[in-house]
Amino acid sequence: MTHFNPDPLLVRKYNQALPRYTSYPTVPFWNDQIDKKSWEVAFLEQFGIQNHKKAISIYVHLPFCESLCTYCGCNKRITTNHNVEEEYLAAIEKEWSLYRNLMPEMPVIREIHLGGGTPTFFSPANLQRLISTILEKSIVDSRHEFSIEGHPNNTTKEHLQTLFSLGFRRISYGVQDNDPSVQRIINRIQPLENVRKATENARTVGFTSVNYDLIYGLPLQTLSSIGKTIGEVVKLKPDRIAFYSYAHVPWTSKGQRLFDVTHLPSAEEKINLYLKGKVLLMKHGYRDIGMDHFALPHDALYKAKVKNQLHRNFMGYTTQNSGLLLGLGVSAISDLGNSFAQNEKTLHEYYNSCNEKKLAVKRGIFLSQEDLVFRRYILDISCRGGTAFNALHLPLLQELCFPKLKELEADGLVEYDETHLKVTDLGHYFIRNICSAFDLYLQRNQHNNKNQMFSKAI
């Protein structure tokens, strides 16, 4: 990909409030209430199709953190009381039991991901209890990939040894930024030595893939500070790096209201932070996977990119596409391929559902045939840099999508005709904008105030 020298006018033009397209339809367009019986029927049907065809994936949301990182937009609960672990695990076990009762046979598990919150808030013994519960009377697929998000400050060698013994080989550490001023303002004090030690421990134990999450666009970040952070990070050689754009959504994330907006970079400054980081990463051997992910050539994510086997879900880019992703825990999202559902977002309501032996799903959507088609277009663009159109969809494409694509093409972001679309080198910096051309919910709801739904694209 050629070097991009951003045109400030182009950056300002496309710095629109848009989804990240980890799902389609996107969450704001889901129904506030989902019929639980219909969801059970859909789950049973898709389980029957996917369990032996592709196996299933499981995401477990572990929401607790000991301190508030003010940039964070995740659903979390701040506490230093570790007694909460017991009640939460008991609820997860009840929820898993409800789903197991729906399954006519043992599940074949291909993927488990523990996200948060801070999963390493939980003790090694409790993480073992959680995974053992899931794996009991389950079949682990020979291609399985188990991963966890860890905090460098509290991920111990005992955590890592326990997880390794359970089949975990991937860990993602939230690094975000190494600059002390940035760390203070986002309340994420994390010495570089802790990151180094956590990385070395993971590799010593036997983990084969270490990912770092970095964020650009944070308060007080500068070209100099981002360059220093990247320089320090590449010396530790993480196998993957997720270089995320900071999503400023203070209307949903109260901690972000503590920021002085004058400390946030402009759109032009923000994209220059990204470009600075990208150039340094590429210089040190990392490959651009797409949107916000980088990997070294030996890593499975890069190999999947080369083979056109990338997939994208709520955790970002992945090598896994099981066809059925079951979300467990408060606010966790499940993806059955033809429907989505999100669990209750408060612990109180989540616990109530589990204790009443009812599935905790709250909101969601059952996808129409049109949704499935346009979801595929968006996934193709995100993961493969282009897509082929079905002639049957041409009238709809001409009505709602091509007018947007015409403008994108005029700005040099795409090349398209009535049969296919290709993202240009320049267009790779505006993937969210290109995907939005195929977001029929967005196109049909232009009157809505998207600024209160999504973060800015840049």
# chains A, B, ... in the order shown; residues from 1 in each chain; ligands from 1

call {"tool": "residues_around", "arguments": {"residues": "Phe64 in chain A", "least_positions_apart": "5", "cutoff": "7 Å", "atoms": "only C-alpha atoms", "output": "PyMOL selection string"}}
result
chain A and resi 76-79+117-118+121

call {"tool": "closest_residue", "arguments": {"among": "A:Gly255, A:Gly329, A:Pro403, A:Gly116", "to": "Ala91 in chain A", "atoms": "only C-alpha atoms"}}
result
A:Gly329

call {"tool": "closest_residue", "arguments": {"among": "A:Leu347, A:Leu62, A:Phe340, A:Val423", "to": "Thr22 in chain A", "atoms": "only C-alpha atoms"}}
result
A:Phe340

call {"tool": "residues_around", "arguments": {"residues": "range 269-279 of chain A", "least_positions_apart": "2", "cutoff": "7 Å", "atoms": "only C-alpha atoms", "output": "list in words"}}
result
Tyr216, Gly217, Leu223, Ile226, Gly227, Ile230, Pro265, Ser266, Ala267, Leu281, Met282, Lys283 and Ile458 of chain A

call {"tool": "write_last_selection", "arguments": {"atoms": "N, CA and C atoms", "output": "PDB file, in the first residue's frame"}}
result
ATOM      1  N   TYR A 216      -4.945   5.296  19.245  1.00  0.00           N
ATOM      2  CA  TYR A 216      -4.530   6.629  18.796  1.00  0.00           C
ATOM      3  C   TYR A 216      -5.730   7.579  18.865  1.00  0.00           C
ATOM      4  N   GLY A 217      -5.429   8.840  19.156  1.00  0.00           N
ATOM      5  CA  GLY A 217      -6.480   9.836  19.300  1.00  0.00           C
ATOM      6  C   GLY A 217      -6.850  10.115  20.744  1.00  0.00           C
ATOM      7  N   LEU A 223       2.525  13.457  18.017  1.00  0.00           N
ATOM      8  CA  LEU A 223       3.301  12.646  17.077  1.00  0.00           C
ATOM      9  C   LEU A 223       4.544  12.088  17.755  1.00  0.00           C
ATOM     10  N   ILE A 226       3.415   9.266  20.341  1.00  0.00           N
ATOM     11  CA  ILE A 226       2.968   8.028  19.699  1.00  0.00           C
ATOM     12  C   ILE A 226       4.151   7.319  19.066  1.00  0.00           C
ATOM     13  N   GLY A 227       5.099   8.101  18.543  1.00  0.00           N
ATOM     14  CA  GLY A 227       6.303   7.506  17.975  1.00  0.00           C
ATOM     15  C   GLY A 227       7.126   6.785  19.026  1.00  0.00           C
ATOM     16  N   ILE A 230       5.265   3.487  20.038  1.00  0.00           N
ATOM     17  CA  ILE A 230       5.431   2.454  19.010  1.00  0.00           C
ATOM     18  C   ILE A 230       6.861   1.913  19.034  1.00  0.00           C
ATOM     19  N   PRO A 265      -7.270  15.380  19.931  1.00  0.00           N
ATOM     20  CA  PRO A 265      -6.746  15.840  18.638  1.00  0.00           C
ATOM     21  C   PRO A 265      -7.872  16.065  17.640  1.00  0.00           C
ATOM     22  N   SER A 266      -7.632  16.959  16.695  1.00  0.00           N
ATOM     23  CA  SER A 266      -8.580  17.168  15.598  1.00  0.00           C
ATOM     24  C   SER A 266      -8.536  15.957  14.676  1.00  0.00           C
ATOM     25  N   ALA A 267      -9.455  15.909  13.714  1.00  0.00           N
ATOM     26  CA  ALA A 267      -9.481  14.775  12.774  1.00  0.00           C
ATOM     27  C   ALA A 267      -8.163  14.676  12.011  1.00  0.00           C
ATOM     28  N   LEU A 281       5.294   0.807  12.341  1.00  0.00           N
ATOM     29  CA  LEU A 281       4.992  -0.618  12.421  1.00  0.00           C
ATOM     30  C   LEU A 281       5.443  -1.347  11.156  1.00  0.00           C
ATOM     31  N   MET A 282       5.141  -0.771  10.009  1.00  0.00           N
ATOM     32  CA  MET A 282       5.524  -1.391   8.739  1.00  0.00           C
ATOM     33  C   MET A 282       7.045  -1.434   8.604  1.00  0.00           C
ATOM     34  N   LYS A 283       7.700  -0.389   9.086  1.00  0.00           N
ATOM     35  CA  LYS A 283       9.159  -0.340   9.034  1.00  0.00           C
ATOM     36  C   LYS A 283       9.783  -1.477   9.829  1.00  0.00           C
ATOM     37  N   ILE A 458     -12.987   8.867  11.866  1.00  0.00           N
ATOM     38  CA  ILE A 458     -11.527   9.118  11.958  1.00  0.00           C
ATOM     39  C   ILE A 458     -11.189   9.536  13.370  1.00  0.00           C
TER      40      ILE A 458
END

call {"tool": "select_by_dssp", "arguments": {"residues": "range 232-395 of chain A", "states": "helix (DSSP H, G or I)", "output": "MDAnalysis selection string"}}
result
chainID A and resid 232:235 254:258 261:263 267:283 300:306 347:355 369:384 391:395

call {"tool": "residues_around", "arguments": {"residues": "Ala125 in chain A", "least_positions_apart": "2", "cutoff": "10 Å", "atoms": "only C-alpha atoms", "output": "list in words"}}
result
Phe122, Ser123, Leu127, Gln128, Arg129, Leu130, Glu158, His159, Thr162 and Leu163 of chain A

call {"tool": "write_last_selection", "arguments": {"atoms": "C-alpha atoms", "output": "PDB file, in the first residue's frame"}}
result
ATOM      1  CA  PHE A 122     -10.630 -13.169  38.286  1.00  0.00           C
ATOM      2  CA  SER A 123      -8.337 -15.493  40.201  1.00  0.00           C
ATOM      3  CA  LEU A 127     -10.842 -18.918  35.562  1.00  0.00           C
ATOM      4  CA  GLN A 128     -10.138 -22.647  35.734  1.00  0.00           C
ATOM      5  CA  ARG A 129     -13.583 -23.216  37.221  1.00  0.00           C
ATOM      6  CA  LEU A 130     -15.192 -21.184  34.414  1.00  0.00           C
ATOM      7  CA  GLU A 158      -0.126 -18.435  37.707  1.00  0.00           C
ATOM      8  CA  HIS A 159      -2.902 -16.981  35.529  1.00  0.00           C
ATOM      9  CA  THR A 162      -3.586 -22.137  34.459  1.00  0.00           C
ATOM     10  CA  LEU A 163      -4.890 -20.855  31.135  1.00  0.00           C
TER      11      LEU A 163
END

call {"tool": "closest_atom_pairs", "arguments": {"of": "range 18-116 of chain A", "to": "range 369-382 of chain A", "cutoff": "8 Å", "atoms": "only C-alpha atoms", "output": "tab-separated table"}}
result
residue	atom	partner	partner_atom	distance
A:Tyr21	CA	A:Ile378	CA	7.6
A:Ser23	CA	A:Arg375	CA	7.8
A:Tyr24	CA	A:Arg375	CA	5.4
A:Pro25	CA	A:Asp371	CA	6.9

call {"tool": "write_last_selection", "arguments": {"atoms": "C-alpha atoms", "output": "PDB file, in the first residue's frame"}}
result
ATOM      1  CA  TYR A  21     -19.245  -2.590  11.346  1.00  0.00           C
ATOM      2  CA  SER A  23     -21.987  -6.438  12.990  1.00  0.00           C
ATOM      3  CA  TYR A  24     -24.651  -5.731  10.401  1.00  0.00           C
ATOM      4  CA  PRO A  25     -27.307  -4.598  11.041  1.00  0.00           C
TER       5      PRO A  25
END

call {"tool": "closest_residue", "arguments": {"among": "A:Glu418, A:Lys357, A:Phe366, A:Phe243", "to": "Thr387 in chain A", "atoms": "only C-alpha atoms"}}
result
A:Glu418

call {"tool": "select_by_dssp", "arguments": {"residues": "range 216-394 of chain A", "states": "strand (DSSP E)", "output": "PyMOL selection string"}}
result
chain A and resi 216+240-245+287-290+293-295+311-313+316-318+325-328+333-335+339-343+361-366+386-388

call {"tool": "closest_residue", "arguments": {"among": "A:Tyr416, A:Tyr99, A:Phe314, A:Phe402", "to": "Asp439 in chain A", "atoms": "only C-alpha atoms"}}
result
A:Phe402

call {"tool": "residues_around", "arguments": {"residues": "range 293-304 of chain A", "least_positions_apart": "6", "cutoff": "6 Å", "atoms": "only C-alpha atoms", "output": "list in words"}}
result
Asp239, Arg240, Ile241, Ala242, Phe243, Tyr286, Arg287, Leu310 and Thr319 of chain A

call {"tool": "atom_distance", "arguments": {"atom1": "CA of His393 in chain A", "atom2": "CA of Thr419 in chain A"}}
result
10.3 Å

call {"tool": "atom_distance", "arguments": {"atom1": "CA of Pro107 in chain A", "atom2": "CA of Phe43 in chain A"}}
result
12.5 Å
